[in-house]
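Trainee: Provided herewith: target_29.pdb, PDB, C-alpha atoms.
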```pdb
ATOM      1  CA  PRO A  69      26.555   3.593  -5.055
ATOM      2  CA  ASP A  70      23.826   4.884  -7.304
ATOM      3  CA  PRO A  71      20.519   4.941  -5.364
ATOM      4  CA  GLY A  72      18.699   3.941  -8.543
ATOM      5  CA  PRO A  73      15.047   4.718  -9.299
ATOM      6  CA  LEU A  74      12.459   5.450  -6.655
ATOM      7  CA  PRO A  75      11.257   2.330  -4.809
ATOM      8  CA  GLY A  76       7.707   1.112  -5.181
ATOM      9  CA  LEU A  77       5.518   3.290  -2.982
ATOM     10  CA  GLY A  78       2.540   0.939  -2.757
ATOM     11  CA  ARG A  79      -0.627   2.034  -0.947
ATOM     12  CA  PRO A  80      -1.000   3.926   2.326
ATOM     13  CA  ALA A  81      -2.372   0.731   3.888
ATOM     14  CA  ASP A  82       0.936  -0.984   3.111
ATOM     15  CA  LEU A  83       2.653   1.316   5.595
ATOM     16  CA  VAL A  84       0.808  -0.418   8.438
ATOM     17  CA  ARG A  85       2.408  -3.674   7.334
ATOM     18  CA  THR A  86       5.929  -2.392   6.710
ATOM     19  CA  ARG A  87       6.480   0.190   9.454
ATOM     20  CA  PRO A  88       7.047  -1.173  12.979
ATOM     21  CA  ASP A  89       5.580   1.905  14.689
ATOM     22  CA  LEU A  90       2.329   1.555  12.730
ATOM     23  CA  ARG A  91       2.159  -2.178  13.428
ATOM     24  CA  ALA A  92       2.488  -1.389  17.140
ATOM     25  CA  ALA A  93      -0.289   1.238  16.918
ATOM     26  CA  GLU A  94      -2.542  -1.231  15.111
ATOM     27  CA  ARG A  95      -1.945  -3.888  17.762
ATOM     28  CA  ARG A  96      -2.755  -1.396  20.517
ATOM     29  CA  TRP A  97      -6.038  -0.628  18.745
ATOM     30  CA  ARG A  98      -6.882  -4.323  18.384
ATOM     31  CA  ALA A  99      -5.994  -4.976  22.029
ATOM     32  CA  ALA A 100      -8.250  -2.103  23.094
ATOM     33  CA  GLY A 101     -11.053  -3.662  21.051
ATOM     34  CA  ASP A 102     -10.518  -6.981  22.812
ATOM     35  CA  ASP A 103     -10.702  -5.205  26.185
ATOM     36  CA  ARG A 104     -13.930  -3.489  25.165
ATOM     37  CA  ARG A 105     -15.522  -6.786  24.091
ATOM     38  CA  ALA A 106     -14.408  -8.436  27.330
ATOM     39  CA  ALA A 107     -15.952  -5.599  29.342
ATOM     40  CA  ALA A 108     -19.199  -5.921  27.374
ATOM     41  CA  ARG A 109     -19.401  -9.647  28.099
ATOM     42  CA  THR A 110     -19.495  -8.964  31.858
ATOM     43  CA  LEU A 111     -22.932  -7.354  31.378
ATOM     44  CA  LEU A 112     -24.423 -10.341  29.565
ATOM     45  CA  PRO A 113     -26.406 -13.014  31.407
ATOM     46  CA  THR A 114     -24.746 -16.371  31.851
ATOM     47  CA  VAL A 115     -26.651 -19.509  30.874
ATOM     48  CA  GLN A 116     -25.498 -22.861  32.217
ATOM     49  CA  VAL A 117     -26.931 -26.195  31.119
ATOM     50  CA  ALA A 118     -26.064 -29.487  32.818
ATOM     51  CA  GLY A 119     -27.211 -33.036  32.225
ATOM     52  CA  SER A 120     -26.853 -36.423  33.874
ATOM     53  CA  ALA A 121     -27.629 -40.034  32.941
ATOM     54  CA  GLY A 122     -27.293 -43.383  34.687
ATOM     55  CA  TRP A 123     -28.974 -46.501  36.049
ATOM     56  CA  GLN A 124     -30.846 -46.956  39.330
ATOM     57  CA  ALA A 125     -31.486 -50.279  41.088
ATOM     58  CA  ALA A 126     -34.990 -50.847  42.340
ATOM     59  CA  ARG A 127     -33.825 -53.071  45.274
ATOM     60  CA  PHE A 128     -30.464 -53.866  46.788
ATOM     61  CA  ASP A 129     -30.990 -57.614  46.419
ATOM     62  CA  SER A 130     -32.042 -57.452  42.775
ATOM     63  CA  PHE A 131     -30.182 -56.829  39.570
ATOM     64  CA  GLU A 132     -33.159 -55.083  38.074
ATOM     65  CA  THR A 133     -32.261 -51.490  37.161
ATOM     66  CA  GLN A 134     -33.874 -48.638  35.365
ATOM     67  CA  ARG A 135     -32.243 -45.939  33.296
ATOM     68  CA  THR A 136     -32.389 -42.384  34.611
ATOM     69  CA  TRP A 137     -31.495 -39.017  33.135
ATOM     70  CA  GLY A 138     -31.926 -35.396  33.980
ATOM     71  CA  VAL A 139     -31.312 -31.941  32.600
ATOM     72  CA  ASN A 140     -31.141 -28.638  34.445
ATOM     73  CA  ALA A 141     -30.385 -25.101  33.404
ATOM     74  CA  SER A 142     -29.561 -21.903  35.240
ATOM     75  CA  LEU A 143     -29.521 -18.244  34.258
ATOM     76  CA  ASP A 144     -27.246 -15.773  36.034
ATOM     77  CA  VAL A 145     -27.965 -12.091  35.500
ATOM     78  CA  PRO A 146     -25.538  -9.488  36.944
ATOM     79  CA  LEU A 147     -27.534  -7.080  39.085
ATOM     80  CA  PHE A 148     -25.412  -5.470  41.754
ATOM     81  CA  LEU A 149     -22.204  -5.132  39.688
ATOM     82  CA  GLY A 150     -23.935  -3.358  36.806
ATOM     83  CA  GLY A 151     -22.683   0.105  37.731
ATOM     84  CA  GLY A 152     -19.055  -0.920  37.946
ATOM     85  CA  SER A 153     -19.277  -3.079  34.844
ATOM     86  CA  ARG A 154     -20.875  -0.307  32.814
ATOM     87  CA  ALA A 155     -18.200   2.121  33.953
ATOM     88  CA  ALA A 156     -15.527  -0.389  32.906
ATOM     89  CA  LEU A 157     -17.242  -0.769  29.530
ATOM     90  CA  SER A 158     -17.332   3.003  29.030
ATOM     91  CA  ALA A 159     -13.653   3.244  29.919
ATOM     92  CA  ALA A 160     -12.836   0.402  27.506
ATOM     93  CA  ARG A 161     -14.764   2.124  24.722
ATOM     94  CA  ALA A 162     -12.924   5.371  25.361
ATOM     95  CA  ALA A 163      -9.590   3.524  25.305
ATOM     96  CA  GLU A 164     -10.514   1.874  22.002
ATOM     97  CA  ASP A 165     -11.510   5.230  20.491
ATOM     98  CA  ALA A 166      -8.226   6.748  21.681
ATOM     99  CA  ALA A 167      -6.256   3.853  20.187
ATOM    100  CA  ALA A 168      -8.134   4.230  16.876
ATOM    101  CA  LEU A 169      -7.360   7.947  16.792
ATOM    102  CA  GLY A 170      -3.735   7.189  17.658
ATOM    103  CA  LEU A 171      -3.501   4.745  14.757
ATOM    104  CA  GLU A 172      -5.123   7.203  12.355
ATOM    105  CA  SER A 173      -2.787   9.981  13.479
ATOM    106  CA  ALA A 174       0.257   7.719  13.130
ATOM    107  CA  VAL A 175      -0.775   6.699   9.597
ATOM    108  CA  LEU A 176      -1.295  10.322   8.542
ATOM    109  CA  GLN A 177       2.078  11.256  10.023
ATOM    110  CA  ALA A 178       3.740   8.372   8.187
ATOM    111  CA  MET A 179       2.129   9.428   4.907
ATOM    112  CA  ALA A 180       3.383  12.982   5.439
ATOM    113  CA  GLU A 181       6.884  11.654   6.101
ATOM    114  CA  VAL A 182       6.783   9.620   2.892
ATOM    115  CA  GLU A 183       5.591  12.591   0.824
ATOM    116  CA  SER A 184       8.284  14.818   2.331
ATOM    117  CA  ALA A 185      10.965  12.184   1.717
ATOM    118  CA  ILE A 186       9.873  11.766  -1.921
ATOM    119  CA  THR A 187      10.066  15.520  -2.475
ATOM    120  CA  GLN A 188      13.472  15.689  -0.835
ATOM    121  CA  ASP A 189      14.745  12.764  -2.909
ATOM    122  CA  ARG A 190      13.641  14.396  -6.161
ATOM    123  CA  GLN A 191      15.079  17.767  -5.184
ATOM    124  CA  GLN A 192      18.422  16.228  -4.286
ATOM    125  CA  ALA A 193      18.481  14.300  -7.573
ATOM    126  CA  ALA A 194      17.893  17.554  -9.499
ATOM    127  CA  LEU A 195      20.541  19.368  -7.453
ATOM    128  CA  LEU A 196      23.034  16.583  -8.062
ATOM    129  CA  ALA A 197      22.481  16.821 -11.821
ATOM    130  CA  VAL A 198      23.125  20.579 -11.694
ATOM    131  CA  GLU A 199      26.294  20.190  -9.601
ATOM    132  CA  GLU A 200      27.641  17.465 -11.874
ATOM    133  CA  ARG A 201      27.090  19.646 -14.942
ATOM    134  CA  ARG A 202      28.798  22.536 -13.185
ATOM    135  CA  ALA A 203      31.752  20.324 -12.260
ATOM    136  CA  GLU A 204      32.045  19.121 -15.852
ATOM    137  CA  ALA A 205      31.979  22.697 -17.135
ATOM    138  CA  ALA A 206      34.663  23.657 -14.608
ATOM    139  CA  ARG A 207      36.805  20.731 -15.738
ATOM    140  CA  LEU A 208      36.547  21.778 -19.362
ATOM    141  CA  ALA A 209      37.414  25.359 -18.394
ATOM    142  CA  TYR A 210      40.493  24.131 -16.547
ATOM    143  CA  GLU A 211      41.582  21.990 -19.488
ATOM    144  CA  GLU A 212      41.269  25.012 -21.757
ATOM    145  CA  ALA A 213      43.192  27.246 -19.328
ATOM    146  CA  ARG A 214      45.940  24.612 -19.027
ATOM    147  CA  ARG A 215      46.268  24.361 -22.827
ATOM    148  CA  ARG A 216      46.446  28.151 -23.106
ATOM    149  CA  TYR A 217      49.143  28.238 -20.417
ATOM    150  CA  ALA A 218      51.091  25.436 -22.143
ATOM    151  CA  ALA A 219      50.865  27.344 -25.410
ATOM    152  CA  GLY A 220      52.226  30.445 -23.722
ATOM    153  CA  VAL A 221      49.196  32.636 -24.412
ATOM    154  CA  ALA A 222      48.025  32.808 -20.767
ATOM    155  CA  ASP A 223      49.717  33.022 -17.398
ATOM    156  CA  TYR A 224      49.794  30.303 -14.735
ATOM    157  CA  LEU A 225      47.463  32.228 -12.426
ATOM    158  CA  GLY A 226      44.554  31.722 -14.798
ATOM    159  CA  ALA A 227      45.161  27.956 -14.920
ATOM    160  CA  LEU A 228      45.503  27.816 -11.140
ATOM    161  CA  THR A 229      42.257  29.728 -10.660
ATOM    162  CA  ALA A 230      40.459  27.370 -13.074
ATOM    163  CA  LEU A 231      41.880  24.366 -11.205
ATOM    164  CA  THR A 232      40.627  25.729  -7.883
ATOM    165  CA  THR A 233      37.191  26.345  -9.385
ATOM    166  CA  TRP A 234      37.075  22.801 -10.737
ATOM    167  CA  GLU A 235      38.088  21.266  -7.388
ATOM    168  CA  ASN A 236      35.441  23.288  -5.551
ATOM    169  CA  ALA A 237      32.817  22.193  -8.081
ATOM    170  CA  GLU A 238      33.852  18.555  -7.595
ATOM    171  CA  LEU A 239      33.491  18.941  -3.824
ATOM    172  CA  ASP A 240      30.036  20.461  -4.272
ATOM    173  CA  ALA A 241      29.065  17.544  -6.529
ATOM    174  CA  LEU A 242      30.291  15.049  -3.926
ATOM    175  CA  THR A 243      28.269  16.831  -1.246
ATOM    176  CA  ALA A 244      25.170  16.751  -3.449
ATOM    177  CA  ARG A 245      25.724  13.035  -4.112
ATOM    178  CA  ARG A 246      26.006  12.364  -0.386
ATOM    179  CA  ASP A 247      22.862  14.413   0.319
ATOM    180  CA  ARG A 248      20.940  12.474  -2.309
ATOM    181  CA  PHE A 249      22.103   9.212  -0.738
ATOM    182  CA  VAL A 250      20.879  10.428   2.668
ATOM    183  CA  ALA A 251      17.541  11.488   1.148
ATOM    184  CA  ARG A 252      17.056   8.011  -0.342
ATOM    185  CA  LEU A 253      17.818   6.400   3.027
ATOM    186  CA  GLN A 254      15.238   8.674   4.656
ATOM    187  CA  LEU A 255      12.671   7.648   2.043
ATOM    188  CA  LEU A 256      13.350   3.967   2.625
ATOM    189  CA  ASP A 257      13.064   4.532   6.361
ATOM    190  CA  ALA A 258       9.748   6.368   5.928
ATOM    191  CA  LEU A 259       8.422   3.487   3.814
ATOM    192  CA  GLY A 260       9.603   0.948   6.366
ATOM    193  CA  GLY A 261      11.077  -1.138   3.560
ATOM    194  CA  THR A 262      14.225  -3.206   3.271
ATOM    195  CA  TRP A 263      17.581  -1.927   2.067
ATOM    196  CA  PRO A 264      18.393  -2.487  -1.617
ATOM    197  CA  ALA A 265      21.232  -4.891  -2.299
ATOM    198  CA  ALA A 266      23.443  -2.041  -3.536
ATOM    199  CA  LEU A 267      23.116  -0.301  -0.170
ATOM    200  CA  ALA A 268      23.634  -3.369   1.998
ATOM    201  CA  ALA A 269      26.683  -3.757   4.213
ATOM    202  CA  PRO A 270      29.587  -5.578   2.484
ATOM    203  CA  THR A 271      30.069  -9.206   3.441
ATOM    204  CA  ASP A 272      33.165 -10.134   1.442
ATOM    205  CA  GLY A 273      35.781  -8.342   3.504
ATOM    206  CA  GLU A 274      35.422  -5.019   1.694
ATOM    207  CA  PRO A 275      35.919  -1.898   3.821
ATOM    208  CA  ARG A 276      32.743  -0.361   5.128
TER     209      ARG A 276
END
```
Show this structure as structure tokens.
Mentor:
Amino acid sequence: PDPGPLPGLGRPADLVRTRPDLRAAERRWRAAGDDRRAAARTLLPTVQVAGSAGWQAARFDSFETQRTWGVNASLDVPLFLGGGSRAALSAARAAEDAAALGLESAVLQAMAEVESAITQDRQQAALLAVEERRAEAARLAYEEARRRYAAGVADYLGALTALTTWENAELDALTARRDRFVARLQLLDALGGTWPAALAAPTDGEPR
């Protein structure tokens, strides 16, 4: 099938949404950020507030009661685990920085793959146009050689040579068409997009 025009390229940020490898890198970065925040919380003091309310009887033989309430608070500050907690926080920060650099590197690599695939797609489209024109010219040359042979003004060898040239040109055009199809598939893969309907697998019993 005809690959059709170039698909919508969108923005570089769209690659993070469409490509599974970039989504995985982004999730690793977010998970590293969660680990860093969890490590930072271990260094913070813990404040606890508790309250109580009720009634208290003045004597066991009397129904007279009085209402009571109370509030207490406590503050826990980590002292002896500070060294280990700070080391864990430093390690978590380093892991987050590494994950951020990994995501940035993966995005740049994906952008390079898209640019390369676009260039390859355009080059293959231009090559296909050249090969198709060459095949058409070879066909016309064969038709002319066949007419000359039928009219008796040329020998059969010339027509046979023209036929061979035409067949070779057709094979080259088919190869160029296949290469352009492969280039378009590589572009779609680099974009992380879905397959166009024309390239989807047949579902009506047609041969694959």
Trainee: Compare A:Pro73, A:Ala99, A:Thr243, A:Ala81 by their minimum atom-to-atom distance to Asp165 in chain A, counting only C-alpha atoms, and give me the closest one.
Mentor: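 Closest candidate: A:Ala99.
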Trainee: What does the structure give for the distance between CA of Leu259 in chain A and CA of Leu83 in chain A, in Å to one decimal?
Mentor: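 Between CA of Leu259 in chain A and CA of Leu83 in chain A the gap is 6.4 Å.
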Trainee: Given the file shown, enumerate the residues that the PyMOL selection byres ((chain A and resi 79) around 12) captures and present them as a ChimeraX atom specification.
Mentor: /A:76-78,80-86,175,178-179,182,259
Trainee: Could you tell me which residues the PyMOL selection byres ((chain A and resi 236) around 12) returns for this structure, as a PDB file with C-alpha atoms, in the frame of the given file?
Mentor:
```
ATOM      1  CA  GLU A 199      26.294  20.190  -9.601  1.00  0.00           C
ATOM      2  CA  GLU A 200      27.641  17.465 -11.874  1.00  0.00           C
ATOM      3  CA  ARG A 202      28.798  22.536 -13.185  1.00  0.00           C
ATOM      4  CA  ALA A 203      31.752  20.324 -12.260  1.00  0.00           C
ATOM      5  CA  GLU A 204      32.045  19.121 -15.852  1.00  0.00           C
ATOM      6  CA  ALA A 206      34.663  23.657 -14.608  1.00  0.00           C
ATOM      7  CA  ARG A 207      36.805  20.731 -15.738  1.00  0.00           C
ATOM      8  CA  THR A 229      42.257  29.728 -10.660  1.00  0.00           C
ATOM      9  CA  ALA A 230      40.459  27.370 -13.074  1.00  0.00           C
ATOM     10  CA  LEU A 231      41.880  24.366 -11.205  1.00  0.00           C
ATOM     11  CA  THR A 232      40.627  25.729  -7.883  1.00  0.00           C
ATOM     12  CA  THR A 233      37.191  26.345  -9.385  1.00  0.00           C
ATOM     13  CA  TRP A 234      37.075  22.801 -10.737  1.00  0.00           C
ATOM     14  CA  GLU A 235      38.088  21.266  -7.388  1.00  0.00           C
ATOM     15  CA  ALA A 237      32.817  22.193  -8.081  1.00  0.00           C
ATOM     16  CA  GLU A 238      33.852  18.555  -7.595  1.00  0.00           C
ATOM     17  CA  LEU A 239      33.491  18.941  -3.824  1.00  0.00           C
ATOM     18  CA  ASP A 240      30.036  20.461  -4.272  1.00  0.00           C
ATOM     19  CA  ALA A 241      29.065  17.544  -6.529  1.00  0.00           C
ATOM     20  CA  LEU A 242      30.291  15.049  -3.926  1.00  0.00           C
ATOM     21  CA  THR A 243      28.269  16.831  -1.246  1.00  0.00           C
TER      22      THR A 243
END
```
Trainee: Would you mind listing what lies within 10 Å of Ala162 in chain A as a compact mmCIF listing (two decimals) with C-alpha atoms, in the coordinates of the input, with all atoms listed in the file counted and same-chain residues fewer than 5 positions away left out?
Mentor:
```
# COMPACT_ATOMS: atom_id res chain seq x y z
CA ALA A 100 -8.25 -2.10 23.09
CA ARG A 104 -13.93 -3.49 25.16
CA ALA A 156 -15.53 -0.39 32.91
CA LEU A 157 -17.24 -0.77 29.53
CA ALA A 167 -6.26 3.85 20.19
CA ALA A 168 -8.13 4.23 16.88
```
Trainee: To one decimal in Å, tell me the separation between CA of Glu94 in chain A and CA of Gly170 in chain A.
Mentor: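 Going from CA of Glu94 in chain A over to CA of Gly170 in chain A covers 8.9 Å.
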Trainee: Please report the interatomic distance between CA of Arg109 in chain A and CA of Arg91 in chain A in Å with one decimal.
Mentor: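 Rounded to one decimal, the two atoms are 27.1 Å apart.
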Trainee: Determine the residue membership of the PyMOL selection byres ((chain A and resi 248) around 9) for the file above and supply it as a PyMOL selection string.
Mentor: chain A and resi 71+188-193+195-196+243-247+249-253
Trainee: May I ask which of the residues A:Ala107, A:Leu228, A:Ala92, A:Ala213 is the closest one to Ser158 in chain A, counting all atoms listed in the file?
Mentor: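 So, comparing all the options, the nearest one is A:Ala107.
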Trainee: Box along x, y and z, 5 Å on every side, all listed atoms of range 187-198 of chain A inside: centre and edge lengths in Å to one decimal, as AutoDock Vina command-line options.
Mentor:
```
--center_x 16.6 --center_y 16.7 --center_z -6.3 --size_x 23.1 --size_y 17.8 --size_z 21.0
```
Trainee: I'd like the contact shell of Asp102 in chain A - 12 Å cut-off, all atoms listed in the file, skipping same-chain residues fewer than 6 positions apart - returned as a list of chain:residue names.
Mentor: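 Returned residues: A:Arg95, A:Arg96, A:Ala108, A:Arg109, A:Leu157, A:Ala160, A:Arg161, A:Ala163, A:Glu164, A:Ala167.
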